[in-house]
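Enquirer: upload-v9.txt is the file, holding compact mmCIF, N, CA and C atoms:
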```
# COMPACT_ATOMS: atom_id res chain seq x y z
N MET T 11 -26.78 26.30 -15.84
CA MET T 11 -26.22 24.96 -15.92
C MET T 11 -26.16 24.54 -17.39
N ASN T 12 -25.07 23.95 -17.77
CA ASN T 12 -24.85 23.52 -19.14
C ASN T 12 -25.54 22.17 -19.37
N ASN T 13 -26.46 22.10 -20.32
CA ASN T 13 -27.17 20.85 -20.61
C ASN T 13 -26.44 19.99 -21.63
N LYS T 14 -25.30 20.45 -22.11
CA LYS T 14 -24.52 19.68 -23.06
C LYS T 14 -23.92 18.46 -22.34
N ARG T 15 -24.10 17.31 -22.92
CA ARG T 15 -23.67 16.06 -22.30
C ARG T 15 -22.16 15.87 -22.48
N LEU T 16 -21.48 15.57 -21.37
CA LEU T 16 -20.05 15.26 -21.42
C LEU T 16 -19.85 13.85 -21.92
N PRO T 17 -18.87 13.64 -22.77
CA PRO T 17 -18.58 12.27 -23.21
C PRO T 17 -18.08 11.42 -22.04
N GLN T 18 -18.48 10.16 -22.04
CA GLN T 18 -18.09 9.23 -20.97
C GLN T 18 -16.58 9.16 -20.82
N LYS T 19 -15.87 9.18 -21.93
CA LYS T 19 -14.41 9.08 -21.90
C LYS T 19 -13.81 10.22 -21.08
N VAL T 20 -14.33 11.42 -21.27
CA VAL T 20 -13.84 12.59 -20.55
C VAL T 20 -14.09 12.44 -19.05
N ILE T 21 -15.28 12.00 -18.70
CA ILE T 21 -15.63 11.84 -17.28
C ILE T 21 -14.73 10.81 -16.61
N LEU T 22 -14.57 9.66 -17.25
CA LEU T 22 -13.74 8.60 -16.65
C LEU T 22 -12.28 9.02 -16.54
N HIS T 23 -11.76 9.69 -17.55
CA HIS T 23 -10.36 10.15 -17.48
C HIS T 23 -10.18 11.17 -16.37
N ARG T 24 -11.13 12.08 -16.21
CA ARG T 24 -11.01 13.08 -15.14
C ARG T 24 -11.09 12.43 -13.76
N LEU T 25 -11.98 11.44 -13.61
CA LEU T 25 -12.03 10.72 -12.34
C LEU T 25 -10.70 10.02 -12.07
N ALA T 26 -10.17 9.35 -13.08
CA ALA T 26 -8.92 8.61 -12.92
C ALA T 26 -7.77 9.53 -12.57
N GLU T 27 -7.71 10.69 -13.21
CA GLU T 27 -6.60 11.62 -12.98
C GLU T 27 -6.78 12.44 -11.71
N GLY T 28 -8.03 12.73 -11.35
CA GLY T 28 -8.28 13.68 -10.27
C GLY T 28 -8.26 13.11 -8.87
N LEU T 29 -8.47 11.82 -8.71
CA LEU T 29 -8.50 11.26 -7.37
C LEU T 29 -7.09 10.84 -6.94
N PRO T 30 -6.64 11.35 -5.80
CA PRO T 30 -5.29 10.99 -5.33
C PRO T 30 -5.21 9.53 -4.90
N ASP T 31 -3.99 9.00 -4.90
CA ASP T 31 -3.75 7.60 -4.56
C ASP T 31 -4.35 7.22 -3.21
N ASP T 32 -4.17 8.07 -2.18
CA ASP T 32 -4.65 7.72 -0.85
C ASP T 32 -6.18 7.57 -0.82
N ILE T 33 -6.88 8.37 -1.58
CA ILE T 33 -8.35 8.25 -1.63
C ILE T 33 -8.73 6.97 -2.37
N LEU T 34 -8.06 6.69 -3.49
CA LEU T 34 -8.36 5.46 -4.23
C LEU T 34 -8.10 4.23 -3.36
N GLN T 35 -7.02 4.23 -2.60
CA GLN T 35 -6.72 3.08 -1.73
C GLN T 35 -7.75 2.95 -0.62
N LYS T 36 -8.25 4.08 -0.11
CA LYS T 36 -9.27 4.03 0.93
C LYS T 36 -10.61 3.55 0.37
N LEU T 37 -10.95 4.01 -0.84
CA LEU T 37 -12.22 3.64 -1.46
C LEU T 37 -12.24 2.19 -1.92
N PHE T 38 -11.09 1.71 -2.41
CA PHE T 38 -11.03 0.38 -3.01
C PHE T 38 -9.88 -0.43 -2.43
N PRO T 39 -10.03 -0.84 -1.17
CA PRO T 39 -8.96 -1.64 -0.56
C PRO T 39 -8.72 -2.91 -1.35
N GLY T 40 -7.47 -3.26 -1.48
CA GLY T 40 -7.12 -4.46 -2.23
C GLY T 40 -6.80 -4.21 -3.69
N TYR T 41 -7.04 -2.97 -4.16
CA TYR T 41 -6.73 -2.61 -5.54
C TYR T 41 -5.68 -1.52 -5.54
N ALA T 42 -4.69 -1.66 -6.39
CA ALA T 42 -3.68 -0.62 -6.54
C ALA T 42 -4.28 0.56 -7.30
N PRO T 43 -3.93 1.79 -6.93
CA PRO T 43 -4.48 2.96 -7.63
C PRO T 43 -4.29 2.90 -9.14
N ASP T 44 -3.15 2.38 -9.59
CA ASP T 44 -2.92 2.29 -11.04
C ASP T 44 -3.88 1.31 -11.70
N GLU T 45 -4.27 0.22 -11.00
CA GLU T 45 -5.24 -0.73 -11.54
C GLU T 45 -6.61 -0.06 -11.70
N ILE T 46 -6.99 0.73 -10.72
CA ILE T 46 -8.28 1.43 -10.79
C ILE T 46 -8.26 2.43 -11.94
N ARG T 47 -7.18 3.19 -12.06
CA ARG T 47 -7.07 4.15 -13.16
C ARG T 47 -7.12 3.45 -14.51
N GLN T 48 -6.46 2.31 -14.61
CA GLN T 48 -6.47 1.56 -15.87
C GLN T 48 -7.88 1.09 -16.21
N SER T 49 -8.64 0.66 -15.21
CA SER T 49 -10.02 0.24 -15.45
C SER T 49 -10.87 1.41 -15.92
N LEU T 50 -10.67 2.56 -15.33
CA LEU T 50 -11.44 3.74 -15.72
C LEU T 50 -11.09 4.22 -17.12
N CYS T 51 -9.88 3.99 -17.53
CA CYS T 51 -9.43 4.46 -18.84
C CYS T 51 -9.27 3.28 -19.78
N ALA T 52 -10.25 2.36 -19.77
CA ALA T 52 -10.22 1.19 -20.65
C ALA T 52 -10.08 1.65 -22.09
N GLU T 53 -9.44 0.82 -22.89
CA GLU T 53 -9.25 1.14 -24.30
C GLU T 53 -10.58 1.43 -24.97
N ARG T 54 -10.64 2.50 -25.72
CA ARG T 54 -11.86 2.85 -26.44
C ARG T 54 -11.56 2.85 -27.93
N THR T 55 -12.48 2.30 -28.69
CA THR T 55 -12.32 2.25 -30.14
C THR T 55 -13.57 2.81 -30.79
N LYS T 56 -13.52 3.05 -32.09
CA LYS T 56 -14.68 3.54 -32.84
C LYS T 56 -15.36 2.38 -33.53
N THR T 57 -16.69 2.39 -33.47
CA THR T 57 -17.43 1.38 -34.20
C THR T 57 -17.61 1.87 -35.62
N THR T 58 -18.13 1.01 -36.48
CA THR T 58 -18.32 1.41 -37.86
C THR T 58 -19.36 2.52 -37.99
N ALA T 59 -20.28 2.61 -37.03
CA ALA T 59 -21.29 3.67 -37.07
C ALA T 59 -20.73 4.97 -36.53
N GLY T 60 -19.51 4.94 -36.00
CA GLY T 60 -18.87 6.15 -35.51
C GLY T 60 -19.09 6.40 -34.02
N SER T 61 -19.87 5.59 -33.34
CA SER T 61 -20.06 5.79 -31.91
C SER T 61 -18.97 5.04 -31.15
N ALA T 62 -18.66 5.53 -29.97
CA ALA T 62 -17.58 4.92 -29.20
C ALA T 62 -18.09 3.69 -28.47
N LYS T 63 -17.21 2.72 -28.30
CA LYS T 63 -17.52 1.57 -27.47
C LYS T 63 -16.33 1.32 -26.56
N THR T 64 -16.57 0.76 -25.39
CA THR T 64 -15.51 0.44 -24.46
C THR T 64 -15.14 -1.02 -24.64
N VAL T 65 -13.86 -1.29 -24.75
CA VAL T 65 -13.37 -2.65 -24.87
C VAL T 65 -12.67 -3.00 -23.57
N MET T 66 -13.20 -4.01 -22.89
CA MET T 66 -12.62 -4.42 -21.63
C MET T 66 -11.82 -5.69 -21.85
N HIS T 67 -10.64 -5.75 -21.27
CA HIS T 67 -9.78 -6.91 -21.41
C HIS T 67 -9.80 -7.69 -20.10
N SER T 68 -10.07 -8.96 -20.17
CA SER T 68 -10.16 -9.79 -18.98
C SER T 68 -8.79 -10.36 -18.62
N PRO T 69 -8.31 -10.10 -17.38
CA PRO T 69 -7.05 -10.68 -16.97
C PRO T 69 -7.22 -12.10 -16.44
N ASP T 70 -8.44 -12.60 -16.40
CA ASP T 70 -8.73 -13.92 -15.84
C ASP T 70 -8.09 -15.01 -16.69
N PRO T 71 -7.18 -15.79 -16.11
CA PRO T 71 -6.53 -16.85 -16.88
C PRO T 71 -7.49 -17.96 -17.28
N HIS T 72 -8.67 -18.04 -16.65
CA HIS T 72 -9.67 -19.05 -16.98
C HIS T 72 -10.73 -18.52 -17.92
N SER T 73 -10.47 -17.36 -18.55
CA SER T 73 -11.46 -16.77 -19.45
C SER T 73 -11.61 -17.64 -20.70
N THR T 74 -12.63 -17.33 -21.49
CA THR T 74 -12.91 -18.10 -22.69
C THR T 74 -12.21 -17.50 -23.90
N ALA T 75 -11.05 -16.93 -23.69
CA ALA T 75 -10.30 -16.32 -24.79
C ALA T 75 -9.87 -17.38 -25.79
N GLY T 76 -9.93 -17.02 -27.04
CA GLY T 76 -9.52 -17.93 -28.10
C GLY T 76 -8.05 -17.75 -28.42
N PRO T 77 -7.61 -18.27 -29.59
CA PRO T 77 -6.22 -18.11 -29.99
C PRO T 77 -5.86 -16.64 -30.08
N GLY T 78 -4.67 -16.32 -29.62
CA GLY T 78 -4.21 -14.94 -29.65
C GLY T 78 -4.80 -14.09 -28.53
N GLY T 79 -5.51 -14.73 -27.58
CA GLY T 79 -6.06 -13.99 -26.45
C GLY T 79 -7.32 -13.20 -26.75
N GLN T 80 -7.90 -13.36 -27.95
CA GLN T 80 -9.10 -12.61 -28.31
C GLN T 80 -10.32 -13.19 -27.61
N LEU T 81 -11.11 -12.31 -26.99
CA LEU T 81 -12.35 -12.74 -26.37
C LEU T 81 -13.46 -12.70 -27.40
N PRO T 82 -14.42 -13.63 -27.31
CA PRO T 82 -15.56 -13.54 -28.22
C PRO T 82 -16.34 -12.26 -27.91
N ASN T 83 -16.97 -11.69 -28.92
CA ASN T 83 -17.72 -10.46 -28.73
C ASN T 83 -18.91 -10.72 -27.82
N ARG T 84 -18.97 -10.01 -26.70
CA ARG T 84 -20.08 -10.15 -25.77
C ARG T 84 -20.54 -8.76 -25.35
N SER T 85 -21.64 -8.35 -25.91
CA SER T 85 -22.21 -7.04 -25.62
C SER T 85 -23.05 -7.13 -24.35
N CYS T 86 -22.82 -6.19 -23.42
CA CYS T 86 -23.52 -6.20 -22.14
C CYS T 86 -24.01 -4.80 -21.79
N ARG T 87 -24.97 -4.76 -20.87
CA ARG T 87 -25.50 -3.50 -20.35
C ARG T 87 -25.36 -3.53 -18.84
N LEU T 88 -24.86 -2.44 -18.26
CA LEU T 88 -24.63 -2.36 -16.82
C LEU T 88 -25.43 -1.21 -16.24
N PHE T 89 -26.22 -1.52 -15.20
CA PHE T 89 -26.98 -0.50 -14.47
C PHE T 89 -26.43 -0.44 -13.05
N THR T 90 -26.06 0.76 -12.58
CA THR T 90 -25.48 0.90 -11.25
C THR T 90 -26.18 2.01 -10.48
N ASP T 91 -26.11 1.92 -9.16
CA ASP T 91 -26.60 2.99 -8.30
C ASP T 91 -25.97 2.85 -6.93
N GLY T 92 -25.74 3.98 -6.31
CA GLY T 92 -25.22 4.02 -4.95
C GLY T 92 -25.93 5.13 -4.20
N ALA T 93 -26.04 4.99 -2.89
CA ALA T 93 -26.72 6.01 -2.09
C ALA T 93 -26.24 5.96 -0.65
N SER T 94 -26.37 7.10 0.03
CA SER T 94 -26.07 7.16 1.45
C SER T 94 -27.26 7.77 2.18
N ARG T 95 -27.50 7.30 3.38
CA ARG T 95 -28.56 7.87 4.22
C ARG T 95 -27.91 8.99 5.02
N GLY T 96 -28.14 10.23 4.54
CA GLY T 96 -27.39 11.36 5.04
C GLY T 96 -26.19 11.51 4.12
N ASN T 97 -25.49 12.58 4.27
CA ASN T 97 -24.35 12.78 3.38
C ASN T 97 -23.23 13.49 4.13
N PRO T 98 -22.30 12.75 4.74
CA PRO T 98 -22.13 11.30 4.67
C PRO T 98 -23.11 10.56 5.59
N GLY T 99 -23.19 9.26 5.34
CA GLY T 99 -24.03 8.40 6.15
C GLY T 99 -23.82 6.96 5.74
N HIS T 100 -24.60 6.07 6.36
CA HIS T 100 -24.52 4.66 5.99
C HIS T 100 -24.89 4.54 4.52
N ALA T 101 -24.09 3.76 3.78
CA ALA T 101 -24.25 3.75 2.32
C ALA T 101 -24.18 2.35 1.75
N GLY T 102 -24.71 2.23 0.55
CA GLY T 102 -24.67 0.97 -0.17
C GLY T 102 -24.52 1.22 -1.65
N ALA T 103 -24.14 0.18 -2.36
CA ALA T 103 -23.94 0.25 -3.81
C ALA T 103 -24.49 -1.02 -4.43
N GLY T 104 -24.99 -0.89 -5.65
CA GLY T 104 -25.51 -2.07 -6.33
C GLY T 104 -25.34 -1.98 -7.82
N ALA T 105 -25.38 -3.12 -8.47
CA ALA T 105 -25.22 -3.18 -9.92
C ALA T 105 -25.97 -4.38 -10.47
N VAL T 106 -26.50 -4.21 -11.67
CA VAL T 106 -27.15 -5.31 -12.40
C VAL T 106 -26.52 -5.35 -13.79
N LEU T 107 -26.08 -6.53 -14.18
CA LEU T 107 -25.44 -6.73 -15.48
C LEU T 107 -26.34 -7.58 -16.35
N LEU T 108 -26.63 -7.08 -17.55
CA LEU T 108 -27.50 -7.78 -18.50
C LEU T 108 -26.75 -8.08 -19.79
N THR T 109 -27.18 -9.13 -20.48
CA THR T 109 -26.66 -9.39 -21.82
C THR T 109 -27.30 -8.39 -22.77
N GLY T 110 -26.84 -8.37 -23.99
CA GLY T 110 -27.44 -7.53 -25.02
C GLY T 110 -28.89 -7.90 -25.29
N GLN T 111 -29.29 -9.11 -24.90
CA GLN T 111 -30.67 -9.58 -25.08
C GLN T 111 -31.48 -9.42 -23.78
N ASN T 112 -30.98 -8.61 -22.84
CA ASN T 112 -31.64 -8.30 -21.56
C ASN T 112 -31.79 -9.49 -20.63
N GLU T 113 -30.91 -10.47 -20.73
CA GLU T 113 -30.89 -11.58 -19.77
C GLU T 113 -29.93 -11.20 -18.65
N GLU T 114 -30.35 -11.42 -17.41
CA GLU T 114 -29.52 -11.04 -16.28
C GLU T 114 -28.31 -11.96 -16.15
N LEU T 115 -27.13 -11.38 -16.12
CA LEU T 115 -25.90 -12.13 -15.88
C LEU T 115 -25.52 -12.10 -14.41
N ALA T 116 -25.73 -10.94 -13.77
CA ALA T 116 -25.33 -10.80 -12.37
C ALA T 116 -26.08 -9.64 -11.74
N ALA T 117 -26.32 -9.77 -10.45
CA ALA T 117 -26.84 -8.69 -9.63
C ALA T 117 -26.04 -8.72 -8.34
N CYS T 118 -25.49 -7.59 -7.95
CA CYS T 118 -24.65 -7.58 -6.76
C CYS T 118 -24.86 -6.27 -6.00
N SER T 119 -24.55 -6.32 -4.72
CA SER T 119 -24.67 -5.13 -3.89
C SER T 119 -23.63 -5.22 -2.78
N ALA T 120 -23.37 -4.07 -2.16
CA ALA T 120 -22.40 -4.04 -1.07
C ALA T 120 -22.76 -2.94 -0.09
N TYR T 121 -22.64 -3.26 1.19
CA TYR T 121 -22.74 -2.24 2.23
C TYR T 121 -21.38 -1.57 2.31
N LEU T 122 -21.36 -0.24 2.32
CA LEU T 122 -20.10 0.49 2.25
C LEU T 122 -19.68 1.13 3.57
N GLY T 123 -20.50 1.02 4.58
CA GLY T 123 -20.19 1.72 5.82
C GLY T 123 -20.62 3.18 5.68
N VAL T 124 -19.94 4.07 6.36
CA VAL T 124 -20.28 5.49 6.30
C VAL T 124 -19.41 6.15 5.23
N CYS T 125 -20.08 6.75 4.26
CA CYS T 125 -19.38 7.50 3.21
C CYS T 125 -20.35 8.47 2.57
N THR T 126 -19.87 9.28 1.65
CA THR T 126 -20.73 10.24 0.96
C THR T 126 -21.50 9.56 -0.16
N ASN T 127 -22.52 10.23 -0.63
CA ASN T 127 -23.30 9.72 -1.74
C ASN T 127 -22.43 9.58 -2.99
N ASN T 128 -21.54 10.53 -3.23
CA ASN T 128 -20.67 10.46 -4.42
C ASN T 128 -19.79 9.22 -4.38
N ILE T 129 -19.25 8.93 -3.23
CA ILE T 129 -18.41 7.73 -3.11
C ILE T 129 -19.24 6.48 -3.34
N ALA T 130 -20.47 6.46 -2.82
CA ALA T 130 -21.35 5.30 -3.02
C ALA T 130 -21.64 5.09 -4.50
N GLU T 131 -21.91 6.17 -5.23
CA GLU T 131 -22.16 6.07 -6.67
C GLU T 131 -20.93 5.52 -7.40
N TYR T 132 -19.77 6.03 -7.04
CA TYR T 132 -18.52 5.61 -7.67
C TYR T 132 -18.23 4.14 -7.38
N ARG T 133 -18.46 3.72 -6.13
CA ARG T 133 -18.23 2.32 -5.76
C ARG T 133 -19.19 1.39 -6.50
N ALA T 134 -20.43 1.85 -6.73
CA ALA T 134 -21.39 1.05 -7.49
C ALA T 134 -20.88 0.82 -8.90
N LEU T 135 -20.33 1.87 -9.51
CA LEU T 135 -19.77 1.73 -10.86
C LEU T 135 -18.65 0.70 -10.87
N LEU T 136 -17.73 0.79 -9.93
CA LEU T 136 -16.60 -0.15 -9.91
C LEU T 136 -17.07 -1.57 -9.61
N LEU T 137 -18.06 -1.71 -8.74
CA LEU T 137 -18.64 -3.02 -8.46
C LEU T 137 -19.17 -3.64 -9.75
N GLY T 138 -19.91 -2.84 -10.52
CA GLY T 138 -20.46 -3.31 -11.78
C GLY T 138 -19.39 -3.61 -12.82
N LEU T 139 -18.36 -2.77 -12.88
CA LEU T 139 -17.27 -3.01 -13.84
C LEU T 139 -16.55 -4.32 -13.54
N ASP T 140 -16.37 -4.61 -12.25
CA ASP T 140 -15.76 -5.89 -11.87
C ASP T 140 -16.61 -7.06 -12.37
N GLU T 141 -17.92 -6.97 -12.20
CA GLU T 141 -18.81 -8.03 -12.66
C GLU T 141 -18.76 -8.17 -14.19
N ALA T 142 -18.74 -7.04 -14.88
CA ALA T 142 -18.68 -7.08 -16.35
C ALA T 142 -17.40 -7.77 -16.81
N GLN T 143 -16.32 -7.46 -16.16
CA GLN T 143 -15.04 -8.09 -16.52
C GLN T 143 -15.08 -9.58 -16.19
N ARG T 144 -15.63 -9.92 -15.03
CA ARG T 144 -15.72 -11.32 -14.60
C ARG T 144 -16.58 -12.15 -15.56
N HIS T 145 -17.59 -11.53 -16.16
CA HIS T 145 -18.50 -12.23 -17.06
C HIS T 145 -18.08 -12.12 -18.54
N GLY T 146 -16.90 -11.57 -18.80
CA GLY T 146 -16.36 -11.56 -20.15
C GLY T 146 -17.01 -10.57 -21.09
N CYS T 147 -17.58 -9.49 -20.58
CA CYS T 147 -18.18 -8.48 -21.46
C CYS T 147 -17.07 -7.77 -22.22
N THR T 148 -17.20 -7.72 -23.53
CA THR T 148 -16.20 -7.05 -24.36
C THR T 148 -16.69 -5.70 -24.86
N GLU T 149 -18.01 -5.51 -24.86
CA GLU T 149 -18.61 -4.20 -25.15
C GLU T 149 -19.58 -3.92 -24.02
N LEU T 150 -19.53 -2.71 -23.47
CA LEU T 150 -20.32 -2.42 -22.28
C LEU T 150 -20.98 -1.06 -22.40
N ALA T 151 -22.30 -1.03 -22.26
CA ALA T 151 -23.05 0.22 -22.15
C ALA T 151 -23.38 0.40 -20.67
N ILE T 152 -23.06 1.58 -20.14
CA ILE T 152 -23.23 1.82 -18.70
C ILE T 152 -24.35 2.83 -18.49
N PHE T 153 -25.26 2.48 -17.58
CA PHE T 153 -26.39 3.33 -17.24
C PHE T 153 -26.39 3.60 -15.76
```
What would you get if you wrote out this structure as structure tokens?
Expert:
Amino acid sequence: MNNKRLPQKVILHRLAEGLPDDILQKLFPGYAPDEIRQSLCAERTKTTAGSAKTVMHSPDPHSTAGPGGQLPNRSCRLFTDGASRGNPGHAGAGAVLLTGQNEELAACSAYLGVCTNNIAEYRALLLGLDEAQRHGCTELAIF
């Protein structure tokens, strides 16, 4: 097994490209496959230290965007997990969103019905990404 860590950008792009539309629609009812792919392939920029950061753009018309649509810098940390009892089995997903100062912004969970553990993990990530976008996170570290 290769212990070399894959960059997050590579993982998200492969997920976005590799899952067919019908699976995305089944996993995320109410979201168009292209919207999900766009979320997974959020714009990435380089910081001055050379490490990558994810920049999320909020489509919320009630956001706190300033002139020119710029959001104030809000660094956040997202912790997600999903699991199924059996594989497949009854499953759930959860996420906790923290500020850069470790203050809780949101905690959410969802019962997913019967699905595989992989799907539960993926749904937990998307659940958390939705919360991060809803709370105006402009930089996001995902755990």
Enquirer: Counting only N, CA and C atoms, which residue out of T:Thr109, T:Gly96, T:Arg133, T:Ser119 sits closest to Leu37 (chain T)?
Expert: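 Nearest to Leu37 (chain T): T:Arg133.
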Enquirer: Nearest to Ile129 (chain T) among T:Gly92, T:Pro43, T:Pro30, T:Gly146, with distances taken over only N, CA and C atoms: which residue is it?
Expert: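 Of all the options, T:Gly92 lies closest to Ile129 (chain T).
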Enquirer: Enter the distance from atom N of Ala142 (chain T) to CA of Ile46 (chain T), in Å, rounded to one decimal.
Expert: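 Distance reported for this atom pair: 14.1 Å.
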Enquirer: Measuring atom to atom with only C-alpha atoms, identify which of T:Leu107, T:Glu113, T:Glu45, T:Leu150 is nearest to Asp31 (chain T).
Expert: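 Of T:Leu107, T:Glu113, T:Glu45, T:Leu150, the one nearest Asp31 (chain T) is T:Glu45, counting only C-alpha atoms.
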Enquirer: How far is it from CA of Asp140 (chain T) to atom N of Ile33 (chain T), in Å with one decimal?
Expert: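 Computing it gives 19.7 Å between the two atoms.
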Enquirer: Distance atom C of Thr148 (chain T)-atom N of Leu50 (chain T), one decimal place?
Expert: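 A separation of 14.0 Å between them.
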Enquirer: Find the residues near Ala103 (chain T): any atom within 6.5 Å, counting all atoms listed in the file, skip ones fewer than 5 places away on the same chain, and give them as a ChimeraX atom specification.
Expert: /T:91-93,118-122,130-131,133-134
Enquirer: Please determine, counting only C-alpha atoms, which residue among T:Ile152, T:Leu25, T:Leu137, T:Val124 has the shortest atom-to-atom distance to Phe38 (chain T).
Expert: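 Looking at the shortest contact to Phe38 (chain T), the residue is T:Leu137.
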Enquirer: Taking into account only N, CA and C atoms, which residue in the set T:Ala151, T:Leu135, T:Ala26, T:Cys125 is nearest to Ala101 (chain T)?
Expert: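 Among the listed residues, T:Cys125 lies closest to Ala101 (chain T).
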Enquirer: Which residue is closest to Glu141 (chain T)? Choose from T:Gly99, T:Asn112, T:Arg87, T:Gly123 and count only C-alpha atoms.
Expert: T:Arg87
